[in-house]
Amino acid sequence: MSSLIFFSRWLQLPLYLGLIVAQVVYVWQFLKELWHLIDFSLFGHEIHGMEGFGTEATTMLIVLGLVDVVMISNLLIMVIIGGYETFVSRMRLDGHPDQPEWLNHVNANVLKTKLAMSIIGISSIHLLRTFIESSVGDVSAETMMWQTIIHVAFVASALALALIDRMSQGPGPRNPH
């Protein structure tokens, strides 16, 4: 029975493979956004939905979209690699020149804290985008208020996770993250 329970961790493999497919979708999304930036910057073609913005604001919104896609993609990589390593099986990458530095000391608490920090970064990008869009009246004050409240909740949650992680280490030398 215990072998069956231990083997059940492999049921997560299709989930991680699905996240890899999602990563491919985000690469495609990035390339589309990059084309919009090139098309707007070099050829002056307007971007649908951004007609009311000036050149600088349109460029900034497209670049923020690119950064957003990259940050979500980074979040996916952390979940795929960190989650697989933590919950399914060791990757045995010791000595590999491309091994991520953070993988040496990944555990569930470290992964949660890193994910929370990534979510804050993504939320920050969305909040900045909302503030820029509000300059042409596309966003209500209520929407901005709720997005700000949600962002502050993400920050508070990340601080709480970091505090819990620090407290769970107990007294003595701290493990560097």
# chains A, B, ... in the order shown; residues from 1 in each chain; ligands from 1

call {"tool": "residues_around", "arguments": {"residues": "segment 40-57 of chain A", "least_positions_apart": "4", "cutoff": "7 Å", "atoms": "only C-alpha atoms", "output": "list of chain:residue names"}}
result
A:His36, A:Leu61, A:Val136

call {"tool": "write_last_selection", "arguments": {"atoms": "all heavy atoms", "output": "PDB file, in the first residue's frame"}}
result
ATOM      1  N   HIS A  36       3.531  43.114 -32.739  1.00  0.00           N
ATOM      2  CA  HIS A  36       2.748  44.350 -32.597  1.00  0.00           C
ATOM      3  C   HIS A  36       3.662  45.540 -32.321  1.00  0.00           C
ATOM      4  O   HIS A  36       3.467  46.619 -32.882  1.00  0.00           O
ATOM      5  CB  HIS A  36       1.720  44.231 -31.473  1.00  0.00           C
ATOM      6  CG  HIS A  36       0.570  43.358 -31.808  1.00  0.00           C
ATOM      7  ND1 HIS A  36       0.023  42.493 -30.898  1.00  0.00           N
ATOM      8  CD2 HIS A  36      -0.153  43.191 -32.948  1.00  0.00           C
ATOM      9  CE1 HIS A  36      -0.981  41.853 -31.457  1.00  0.00           C
ATOM     10  NE2 HIS A  36      -1.099  42.244 -32.700  1.00  0.00           N
ATOM     11  N   LEU A  61       2.712  50.340 -23.203  1.00  0.00           N
ATOM     12  CA  LEU A  61       1.726  49.286 -22.959  1.00  0.00           C
ATOM     13  C   LEU A  61       2.114  47.976 -23.645  1.00  0.00           C
ATOM     14  O   LEU A  61       1.964  46.897 -23.072  1.00  0.00           O
ATOM     15  CB  LEU A  61       0.334  49.729 -23.409  1.00  0.00           C
ATOM     16  CG  LEU A  61      -0.347  50.750 -22.499  1.00  0.00           C
ATOM     17  CD1 LEU A  61      -1.601  51.312 -23.166  1.00  0.00           C
ATOM     18  CD2 LEU A  61      -0.678  50.134 -21.155  1.00  0.00           C
ATOM     19  N   VAL A 136      -6.753  57.563 -20.473  1.00  0.00           N
ATOM     20  CA  VAL A 136      -7.670  57.846 -21.583  1.00  0.00           C
ATOM     21  C   VAL A 136      -9.101  57.472 -21.229  1.00  0.00           C
ATOM     22  O   VAL A 136      -9.972  57.431 -22.091  1.00  0.00           O
ATOM     23  CB  VAL A 136      -7.236  57.133 -22.893  1.00  0.00           C
ATOM     24  CG1 VAL A 136      -5.921  57.682 -23.392  1.00  0.00           C
ATOM     25  CG2 VAL A 136      -7.203  55.649 -22.725  1.00  0.00           C
TER      26      VAL A 136
END

call {"tool": "select_by_dssp", "arguments": {"residues": "chain A", "states": "helix (DSSP H, G or I)", "output": "PyMOL selection string"}}
result
chain A and resi 2-43+55-88+101-105+108-134+141-168

call {"tool": "atom_distance", "arguments": {"atom1": "atom CA of Phe87 of chain A", "atom2": "atom CA of Ala116 of chain A"}}
result
18.4 Å

call {"tool": "atom_distance", "arguments": {"atom1": "atom CA of Lys114 of chain A", "atom2": "atom CA of Ile20 of chain A"}}
result
18.9 Å
